[in-house]
Amino acid sequence: MQTTPSLASPAAPATAPRRLAALRAGVPLRTLLLGLGGMALLTVGGVGAGGTLVHDPLLADSPLTWVRFGHGKDLATAVLYGGLTLVVWGWVRLGRDVRAGTVGTRGMLLAIGVWTLPLLLAPPLFSRDIYSYLAQGNLALHGLDPYRVGPSALPGPLSENVSPIWQTTPAPYGPLFVLIAKGVVAVTGDNLITGVVLLRLAMAIGLGLLCWSLPGLARHLGGSAPSALWLAAANPLLLVHLVGGAHNDLLMVGLLAAGVLLVLDRRHLVGIVLVTVAVAIKATAGVALPFLVWVWAARLPGSAPARFARATAAGLAVVVGVFALCTLVSGLNLGWLPALKTSSAIVNWLSLPTAVGQLLHTLVNLLVHVSDRWFLRITRTLGSLLLAVVLVRQWWAARQGGPEAVRRAAIALLAVGLLSPATLPWYFSWPLVIGAALPWTGSALVLGTLGSVWMLLVTFPTGDTALYSWGYLAVTLAASVLAAASLISPDPLRLSRRTPAERDRPRVIELAP
């Protein structure tokens with residue numbers, strides 16, 4: 001008599017894990033295509049609505065010039081925002097799969113790689129900073145000191161595309177980054193299109209380092225590798241602003257994450273070398289160095305003061321040596337340190353001290369008309385003092401070393417973003433690349449989704465801030481709330497006629513083991 005195998009038979013347990021493993025290795029096809037289609041639309045729409053060139057050699061004498069003006073630009077803007085909608089939709093869907101445990105690390109890496117590809121060839125999106133980078137590299141290439149003069153000191157195609165606020169501003173970036181920009185300009189000359197693509201490719205190394213680092217950081221910090229990759233590397237805030245916007249923050253955060261991972265892996269010297277290289281790109285990475293000293297000191301023998309002294313001395317030797325080498329190779333000097341204050345030219349209320357200053361000025365202005373200069377100066381000074389206190393407190397609380405020191409470093413980076421005189425939306429990627437590897441509750445992920453989508457949208461595609469367009473901000477807040485609600489409910493507005501079981505039956509792209 002033939003019997004039907006029961007669910008408890010040996011065949012069933014052997015098959016189920018293999019199916020689950022195959023599912024976790026892949027990513028739902030619709031989700032993959034949503035993100036890819038969105039990034040492609042962003043790239044196409046950016047041709048007319050992004051950080052476009054003053055004189056574009058591709059469109060100047062072609063029938064497509066209309067996409068830069070009037071209704072053509074309106075259409076390009078609509079295409080771009082349609083792309084953003086698909087990108088956020090795909091990212092939230094992917095987040096639901098990660099939370100359900102049906103997409104693993106390999107699936108996340110596939111999605112990040114596929115979604116990034118169109119952005120590598122896109123015009124600058126939501127920023128014009130890359131034109132400043134190229135112009136500063138051009139200054140160095142022609143023997144001018146980019147730490148003393150601004151792009152306007154060398155008129156030409158490279159400088160004419162720099163935003164007016166930065167035309168006379170010295171470069172606030174580290175010598176290694178100026179050297180990279182100089183090398184790109186040496187290869188591409190005045191061709192801005194190839195210059196943008198080549199410099200973006202150089203900075204995309206940071207995304208590769210980030211994808212390599214996050215699973216290891218999650219292992220040390222107690223988080224989930226797929227969740228960390230989703231929250232940081234696949235986050236539209238990072239992909240659209242740092243890859244599409246072509247910000248040097250991308251290379252900095254990649255080096256920072258890799259360096260922190262190596263320190264946690266007991267490769268202290270190499271880790272601190274990488275974080276120092278990150279500082280030679282952009283100074284912000286230096287916030288993490290004192291915290292990494294605690295990690296190193298906790299693993300040395302001897303009394304606590306002796307361990308700290310040894311780790312500090314070794315760390316300082318590495319930092320000074322590496323930074324001196326970067327400076328010598330670049331042929332530059334330390335002029336970028338005083339140039340850091342030029343960022344105070346950015347005025348918006350994402351910086352809490354700036355927000356307080358503007359609010360006080362607005363209230364006083366109801367009674368008497370006065371300049372906002374002194375209000376901003378006082379509140380920013382107080383904010384800097386508060387930031388110093390927060391950093392010292394977080395550093396001292398990290399003295400036991402280990403993962404706790406890294407968590408405190410993430411808090412310190414968040415404090416820098418909030419309390420610095422100037423803040424831009426993508427600055428919040430600094431704490432995110434480390435903090436994403438920590439354990440996150442469901443409610444924290446919802447808040448992270450809301451904040452990420454909102455920060456993504458508060459800049460216009462041209463690079464101008466939208467933080468004072470209150471009607472637009474209300475729309476972006478509603479969109480962000482909807483995205484956050486969608487992370488825990490596939491259909492928060494109850495628009496779909498499909499049953500939950502039908503929605504949970506995705507077609508999956510599987511990866512070979």
# chains A, B, ... in the order shown; residues from 1 in each chain; ligands from 1
call {"tool": "closest_atom_pairs", "arguments": {"of": "region 327-404 of chain A", "to": "region 463-472 of chain A", "cutoff": "9 Å", "atoms": "only C-alpha atoms", "output": "JSON lines"}}
result
{"residue": "A:Asn348", "atom": "CA", "partner": "A:Leu467", "partner_atom": "CA", "distance": 7.1}
{"residue": "A:Trp349", "atom": "CA", "partner": "A:Leu467", "partner_atom": "CA", "distance": 7.5}
{"residue": "A:Leu350", "atom": "CA", "partner": "A:Leu467", "partner_atom": "CA", "distance": 8.3}
call {"tool": "write_last_selection", "arguments": {"atoms": "C-alpha atoms", "output": "JSON list (two decimals), in the first residue's frame"}}
result
[["chain", "number", "residue", "atom", "x", "y", "z"],
["A", 348, "ASN", "CA", 19.28, 76.65, 6.70],
["A", 349, "TRP", "CA", 17.31, 75.39, 9.65],
["A", 350, "LEU", "CA", 18.50, 71.76, 9.46]]
call {"tool": "residues_around", "arguments": {"residues": "Leu231 (chain A)", "least_positions_apart": "4", "cutoff": "8 Å", "atoms": "only C-alpha atoms", "output": "PDB file with all heavy atoms, in the first residue's frame"}}
result
ATOM      1  N   SER A 227      19.648  44.143   6.950  1.00  0.00           N
ATOM      2  CA  SER A 227      19.008  45.378   7.407  1.00  0.00           C
ATOM      3  C   SER A 227      19.972  46.561   7.334  1.00  0.00           C
ATOM      4  O   SER A 227      19.583  47.670   6.927  1.00  0.00           O
ATOM      5  CB  SER A 227      18.502  45.195   8.840  1.00  0.00           C
ATOM      6  OG  SER A 227      17.881  46.381   9.304  1.00  0.00           O
ATOM      7  N   ASN A 235      19.769  52.948   0.781  1.00  0.00           N
ATOM      8  CA  ASN A 235      18.926  54.085   1.136  1.00  0.00           C
ATOM      9  C   ASN A 235      18.946  55.129   0.016  1.00  0.00           C
ATOM     10  O   ASN A 235      20.012  55.567  -0.407  1.00  0.00           O
ATOM     11  CB  ASN A 235      19.445  54.704   2.433  1.00  0.00           C
ATOM     12  CG  ASN A 235      18.452  55.650   3.069  1.00  0.00           C
ATOM     13  OD1 ASN A 235      17.781  56.410   2.384  1.00  0.00           O
ATOM     14  ND2 ASN A 235      18.365  55.608   4.385  1.00  0.00           N
ATOM     15  N   LEU A 432      24.697  57.382   9.849  1.00  0.00           N
ATOM     16  CA  LEU A 432      23.908  56.248   9.390  1.00  0.00           C
ATOM     17  C   LEU A 432      24.780  55.074   8.958  1.00  0.00           C
ATOM     18  O   LEU A 432      24.424  53.918   9.174  1.00  0.00           O
ATOM     19  CB  LEU A 432      23.002  56.681   8.229  1.00  0.00           C
ATOM     20  CG  LEU A 432      21.934  55.688   7.788  1.00  0.00           C
ATOM     21  CD1 LEU A 432      20.974  55.392   8.941  1.00  0.00           C
ATOM     22  CD2 LEU A 432      21.156  56.238   6.588  1.00  0.00           C
ATOM     23  N   ALA A 436      23.642  52.064  11.182  1.00  0.00           N
ATOM     24  CA  ALA A 436      22.787  51.068  10.533  1.00  0.00           C
ATOM     25  C   ALA A 436      23.132  49.658  10.966  1.00  0.00           C
ATOM     26  O   ALA A 436      22.296  48.754  10.877  1.00  0.00           O
ATOM     27  CB  ALA A 436      22.916  51.193   9.010  1.00  0.00           C
ATOM     28  N   GLY A 448      13.362  55.865  10.874  1.00  0.00           N
ATOM     29  CA  GLY A 448      14.488  56.011   9.963  1.00  0.00           C
ATOM     30  C   GLY A 448      14.033  56.150   8.523  1.00  0.00           C
ATOM     31  O   GLY A 448      14.607  56.923   7.748  1.00  0.00           O
TER      32      GLY A 448
END
call {"tool": "residues_around", "arguments": {"residues": "Ser224 (chain A)", "least_positions_apart": "3", "cutoff": "10 Å", "atoms": "only C-alpha atoms", "output": "PDB file with C-alpha atoms, in the first residue's frame"}}
result
ATOM      1  CA  VAL A  98      14.349  42.281   4.677  1.00  0.00           C
ATOM      2  CA  ARG A  99      12.206  42.549   7.800  1.00  0.00           C
ATOM      3  CA  GLY A 104      19.495  38.243   2.589  1.00  0.00           C
ATOM      4  CA  THR A 105      22.886  39.868   2.153  1.00  0.00           C
ATOM      5  CA  LEU A 214      28.341  46.779   6.722  1.00  0.00           C
ATOM      6  CA  PRO A 215      27.928  42.993   7.157  1.00  0.00           C
ATOM      7  CA  GLY A 216      31.058  42.885   9.321  1.00  0.00           C
ATOM      8  CA  LEU A 217      29.968  45.911  11.335  1.00  0.00           C
ATOM      9  CA  ALA A 218      26.589  44.271  11.919  1.00  0.00           C
ATOM     10  CA  ARG A 219      28.367  41.163  13.181  1.00  0.00           C
ATOM     11  CA  LEU A 221      27.522  45.645  16.718  1.00  0.00           C
ATOM     12  CA  SER A 227      19.008  45.378   7.407  1.00  0.00           C
ATOM     13  CA  ALA A 228      22.229  47.405   7.654  1.00  0.00           C
ATOM     14  CA  LEU A 229      22.728  47.258   3.882  1.00  0.00           C
ATOM     15  CA  TRP A 230      19.113  48.246   3.310  1.00  0.00           C
ATOM     16  CA  ALA A 436      22.787  51.068  10.533  1.00  0.00           C
ATOM     17  CA  ALA A 437      24.787  48.087  11.833  1.00  0.00           C
ATOM     18  CA  LEU A 438      23.295  48.431  15.332  1.00  0.00           C
ATOM     19  CA  PRO A 439      20.131  46.541  16.334  1.00  0.00           C
ATOM     20  CA  TRP A 440      17.045  48.478  15.202  1.00  0.00           C
TER      21      TRP A 440
END
call {"tool": "residues_around", "arguments": {"residues": "region 398-403 of chain A", "least_positions_apart": "2", "cutoff": "10 Å", "atoms": "only C-alpha atoms", "output": "list in words"}}
result
Leu217, His220, Leu221, Gly222, Val263, Leu264, Pro290, Phe291, Leu292, Val293, Trp294, Val295, Trp296, Ala297, Ala298, Arg299, Ala304, Phe308, Val392, Arg393, Gln394, Trp395, Trp396, Ala405, Val406, Arg407, Arg408, Ala409 and Leu438 of chain A
call {"tool": "residues_around", "arguments": {"residues": "Leu450 (chain A)", "least_positions_apart": "2", "cutoff": "7 Å", "atoms": "only C-alpha atoms", "output": "list in words"}}
result
Val446, Leu447, Gly448, Ser452, Val453, Trp454, Ser480, Val481, Ala483 and Ala484 of chain A
call {"tool": "write_last_selection", "arguments": {"atoms": "N, CA, C and O atoms", "output": "PDB file, in the first residue's frame"}}
result
ATOM      1  N   VAL A 446      10.896  52.465  11.192  1.00  0.00           N
ATOM      2  CA  VAL A 446       9.847  53.317  10.605  1.00  0.00           C
ATOM      3  C   VAL A 446      10.281  54.777  10.662  1.00  0.00           C
ATOM      4  O   VAL A 446      10.147  55.515   9.679  1.00  0.00           O
ATOM      5  N   LEU A 447      10.808  55.206  11.803  1.00  0.00           N
ATOM      6  CA  LEU A 447      11.274  56.590  11.926  1.00  0.00           C
ATOM      7  C   LEU A 447      12.464  56.848  11.002  1.00  0.00           C
ATOM      8  O   LEU A 447      12.571  57.923  10.405  1.00  0.00           O
ATOM      9  N   GLY A 448      13.362  55.865  10.874  1.00  0.00           N
ATOM     10  CA  GLY A 448      14.488  56.011   9.963  1.00  0.00           C
ATOM     11  C   GLY A 448      14.033  56.150   8.523  1.00  0.00           C
ATOM     12  O   GLY A 448      14.607  56.923   7.748  1.00  0.00           O
ATOM     13  N   SER A 452      14.664  59.475   6.311  1.00  0.00           N
ATOM     14  CA  SER A 452      15.468  59.325   5.094  1.00  0.00           C
ATOM     15  C   SER A 452      14.728  59.871   3.876  1.00  0.00           C
ATOM     16  O   SER A 452      15.306  60.592   3.052  1.00  0.00           O
ATOM     17  N   VAL A 453      13.450  59.519   3.750  1.00  0.00           N
ATOM     18  CA  VAL A 453      12.682  59.982   2.587  1.00  0.00           C
ATOM     19  C   VAL A 453      12.505  61.489   2.640  1.00  0.00           C
ATOM     20  O   VAL A 453      12.621  62.181   1.621  1.00  0.00           O
ATOM     21  N   TRP A 454      12.253  62.023   3.830  1.00  0.00           N
ATOM     22  CA  TRP A 454      12.070  63.469   3.921  1.00  0.00           C
ATOM     23  C   TRP A 454      13.354  64.212   3.589  1.00  0.00           C
ATOM     24  O   TRP A 454      13.338  65.192   2.845  1.00  0.00           O
ATOM     25  N   SER A 480       6.570  61.231   2.989  1.00  0.00           N
ATOM     26  CA  SER A 480       7.484  60.509   3.872  1.00  0.00           C
ATOM     27  C   SER A 480       6.720  59.668   4.881  1.00  0.00           C
ATOM     28  O   SER A 480       7.103  58.534   5.183  1.00  0.00           O
ATOM     29  N   VAL A 481       5.641  60.206   5.415  1.00  0.00           N
ATOM     30  CA  VAL A 481       4.799  59.448   6.345  1.00  0.00           C
ATOM     31  C   VAL A 481       4.201  58.234   5.651  1.00  0.00           C
ATOM     32  O   VAL A 481       4.150  57.125   6.211  1.00  0.00           O
ATOM     33  N   ALA A 483       5.470  56.628   3.056  1.00  0.00           N
ATOM     34  CA  ALA A 483       6.541  55.655   2.843  1.00  0.00           C
ATOM     35  C   ALA A 483       6.840  54.897   4.123  1.00  0.00           C
ATOM     36  O   ALA A 483       7.019  53.668   4.112  1.00  0.00           O
ATOM     37  N   ALA A 484       6.889  55.612   5.261  1.00  0.00           N
ATOM     38  CA  ALA A 484       7.177  54.960   6.535  1.00  0.00           C
ATOM     39  C   ALA A 484       6.065  53.990   6.927  1.00  0.00           C
ATOM     40  O   ALA A 484       6.330  52.880   7.411  1.00  0.00           O
TER      41      ALA A 484
END
call {"tool": "select_by_dssp", "arguments": {"residues": "region 342-456 of chain A", "states": "helix (DSSP H, G or I)", "output": "ChimeraX atom specification"}}
result
/A:342-345,352-365,373-397,402-419,425-435,442-456
call {"tool": "closest_residue", "arguments": {"among": "A:Leu125, A:Val87, A:Leu36, A:Val178", "to": "Gly48 (chain A)", "atoms": "only C-alpha atoms"}}
result
A:Leu125
call {"tool": "closest_atom_pairs", "arguments": {"of": "region 59-135 of chain A", "to": "region 180-197 of chain A", "cutoff": "12 Å", "atoms": "only C-alpha atoms", "output": "JSON lines"}}
result
{"residue": "A:Leu59", "atom": "CA", "partner": "A:Ile193", "partner_atom": "CA", "distance": 11.8}
{"residue": "A:Leu117", "atom": "CA", "partner": "A:Val197", "partner_atom": "CA", "distance": 11.7}
{"residue": "A:Pro118", "atom": "CA", "partner": "A:Val197", "partner_atom": "CA", "distance": 11.3}
{"residue": "A:Leu119", "atom": "CA", "partner": "A:Val197", "partner_atom": "CA", "distance": 9.5}
{"residue": "A:Leu120", "atom": "CA", "partner": "A:Val197", "partner_atom": "CA", "distance": 6.5}
{"residue": "A:Leu121", "atom": "CA", "partner": "A:Val197", "partner_atom": "CA", "distance": 6.1}
{"residue": "A:Ala122", "atom": "CA", "partner": "A:Val197", "partner_atom": "CA", "distance": 7.9}
{"residue": "A:Pro123", "atom": "CA", "partner": "A:Val196", "partner_atom": "CA", "distance": 7.7}
{"residue": "A:Pro124", "atom": "CA", "partner": "A:Val196", "partner_atom": "CA", "distance": 7.7}
{"residue": "A:Leu125", "atom": "CA", "partner": "A:Val196", "partner_atom": "CA", "distance": 11.3}
{"residue": "A:Arg128", "atom": "CA", "partner": "A:Val196", "partner_atom": "CA", "distance": 10.5}
{"residue": "A:Asp129", "atom": "CA", "partner": "A:Val196", "partner_atom": "CA", "distance": 10.5}
{"residue": "A:Ile130", "atom": "CA", "partner": "A:Val196", "partner_atom": "CA", "distance": 6.9}
{"residue": "A:Tyr131", "atom": "CA", "partner": "A:Val196", "partner_atom": "CA", "distance": 7.7}
{"residue": "A:Ser132", "atom": "CA", "partner": "A:Ala181", "partner_atom": "CA", "distance": 9.8}
{"residue": "A:Tyr133", "atom": "CA", "partner": "A:Ala181", "partner_atom": "CA", "distance": 6.3}
{"residue": "A:Leu134", "atom": "CA", "partner": "A:Ala181", "partner_atom": "CA", "distance": 5.7}
{"residue": "A:Ala135", "atom": "CA", "partner": "A:Ala181", "partner_atom": "CA", "distance": 8.4}
call {"tool": "closest_residue", "arguments": {"among": "A:His369, A:His241, A:Arg310, A:Arg266", "to": "Leu84 (chain A)", "atoms": "only C-alpha atoms"}}
result
A:His241
call {"tool": "residues_around", "arguments": {"residues": "Pro146 (chain A)", "least_positions_apart": "6", "cutoff": "6 Å", "atoms": "only C-alpha atoms", "output": "PDB file with C-alpha atoms, in the first residue's frame"}}
result
ATOM      1  CA  GLN A 136      39.296  73.153  -7.430  1.00  0.00           C
ATOM      2  CA  LEU A 139      43.238  75.276  -9.780  1.00  0.00           C
ATOM      3  CA  PRO A 170      38.669  78.236  -0.974  1.00  0.00           C
ATOM      4  CA  ALA A 171      38.346  74.437  -0.916  1.00  0.00           C
TER       5      ALA A 171
END
call {"tool": "closest_residue", "arguments": {"among": "A:Thr441, A:Thr65, A:Thr116, A:Thr102", "to": "Ala234 (chain A)", "atoms": "only C-alpha atoms"}}
result
A:Thr116
call {"tool": "decode", "arguments": {"residues": "region 155-166 of chain A", "atoms": "all heavy atoms", "output": "compact mmCIF listing (two decimals), in the first residue's frame"}}
result
# COMPACT_ATOMS: atom_id res chain seq x y z
N PRO A 155 39.11 81.60 -14.72
CA PRO A 155 37.88 81.57 -15.52
C PRO A 155 37.96 80.53 -16.63
O PRO A 155 39.03 80.24 -17.17
CB PRO A 155 37.82 82.99 -16.11
CG PRO A 155 38.70 83.82 -15.22
CD PRO A 155 39.79 82.90 -14.75
N GLY A 156 36.80 79.97 -16.94
CA GLY A 156 36.74 78.97 -18.00
C GLY A 156 35.53 78.08 -17.82
O GLY A 156 34.69 78.30 -16.93
N PRO A 157 35.39 77.04 -18.66
CA PRO A 157 34.22 76.16 -18.58
C PRO A 157 34.04 75.49 -17.23
O PRO A 157 32.92 75.25 -16.80
CB PRO A 157 34.50 75.12 -19.68
CG PRO A 157 35.46 75.78 -20.61
CD PRO A 157 36.30 76.68 -19.76
N LEU A 158 35.14 75.17 -16.55
CA LEU A 158 35.01 74.49 -15.27
C LEU A 158 34.48 75.41 -14.18
O LEU A 158 33.65 75.01 -13.36
CB LEU A 158 36.36 73.90 -14.84
CG LEU A 158 36.90 72.77 -15.73
CD1 LEU A 158 38.27 72.33 -15.25
CD2 LEU A 158 35.95 71.59 -15.75
N SER A 159 34.95 76.64 -14.16
CA SER A 159 34.52 77.55 -13.09
C SER A 159 33.16 78.17 -13.36
O SER A 159 32.44 78.53 -12.41
CB SER A 159 35.56 78.67 -12.91
OG SER A 159 35.68 79.44 -14.09
N GLU A 160 32.75 78.28 -14.60
CA GLU A 160 31.49 78.96 -14.89
C GLU A 160 30.27 78.18 -14.42
O GLU A 160 29.18 78.73 -14.30
CB GLU A 160 31.37 79.24 -16.39
CG GLU A 160 31.10 78.01 -17.24
CD GLU A 160 30.96 78.33 -18.72
OE1 GLU A 160 31.16 79.51 -19.09
OE2 GLU A 160 30.67 77.41 -19.50
N ASN A 161 30.45 76.88 -14.16
CA ASN A 161 29.33 76.07 -13.69
C ASN A 161 29.25 75.98 -12.17
O ASN A 161 28.35 75.33 -11.64
CB ASN A 161 29.43 74.67 -14.28
CG ASN A 161 29.08 74.65 -15.76
OD1 ASN A 161 27.91 74.65 -16.12
ND2 ASN A 161 30.10 74.65 -16.60
N VAL A 162 30.20 76.58 -11.47
CA VAL A 162 30.19 76.57 -10.01
C VAL A 162 29.12 77.54 -9.50
O VAL A 162 28.94 78.63 -10.05
CB VAL A 162 31.58 76.96 -9.46
CG1 VAL A 162 31.57 77.03 -7.94
CG2 VAL A 162 32.63 75.96 -9.95
N SER A 163 28.41 77.14 -8.46
CA SER A 163 27.38 78.01 -7.88
C SER A 163 28.00 79.33 -7.44
O SER A 163 29.14 79.36 -6.95
CB SER A 163 26.74 77.33 -6.68
OG SER A 163 26.07 76.14 -7.06
N PRO A 164 27.28 80.45 -7.59
CA PRO A 164 27.83 81.77 -7.26
C PRO A 164 28.38 81.86 -5.83
O PRO A 164 29.40 82.51 -5.59
CB PRO A 164 26.63 82.70 -7.45
CG PRO A 164 25.77 82.01 -8.46
CD PRO A 164 25.93 80.55 -8.19
N ILE A 165 27.74 81.17 -4.87
CA ILE A 165 28.17 81.28 -3.48
C ILE A 165 29.56 80.71 -3.26
O ILE A 165 30.28 81.09 -2.34
CB ILE A 165 27.14 80.57 -2.56
CG1 ILE A 165 27.43 80.90 -1.10
CG2 ILE A 165 27.13 79.08 -2.79
CD1 ILE A 165 26.40 80.36 -0.14
N TRP A 166 30.00 79.79 -4.15
CA TRP A 166 31.30 79.14 -3.96
C TRP A 166 32.37 79.64 -4.94
O TRP A 166 33.47 79.10 -4.97
CB TRP A 166 31.16 77.62 -4.11
CG TRP A 166 30.14 77.00 -3.23
CD1 TRP A 166 29.10 76.22 -3.60
CD2 TRP A 166 30.06 77.09 -1.79
NE1 TRP A 166 28.37 75.82 -2.52
CE2 TRP A 166 28.94 76.34 -1.39
CE3 TRP A 166 30.84 77.71 -0.82
CZ2 TRP A 166 28.57 76.21 -0.06
CZ3 TRP A 166 30.46 77.59 0.52
CH2 TRP A 166 29.35 76.85 0.88
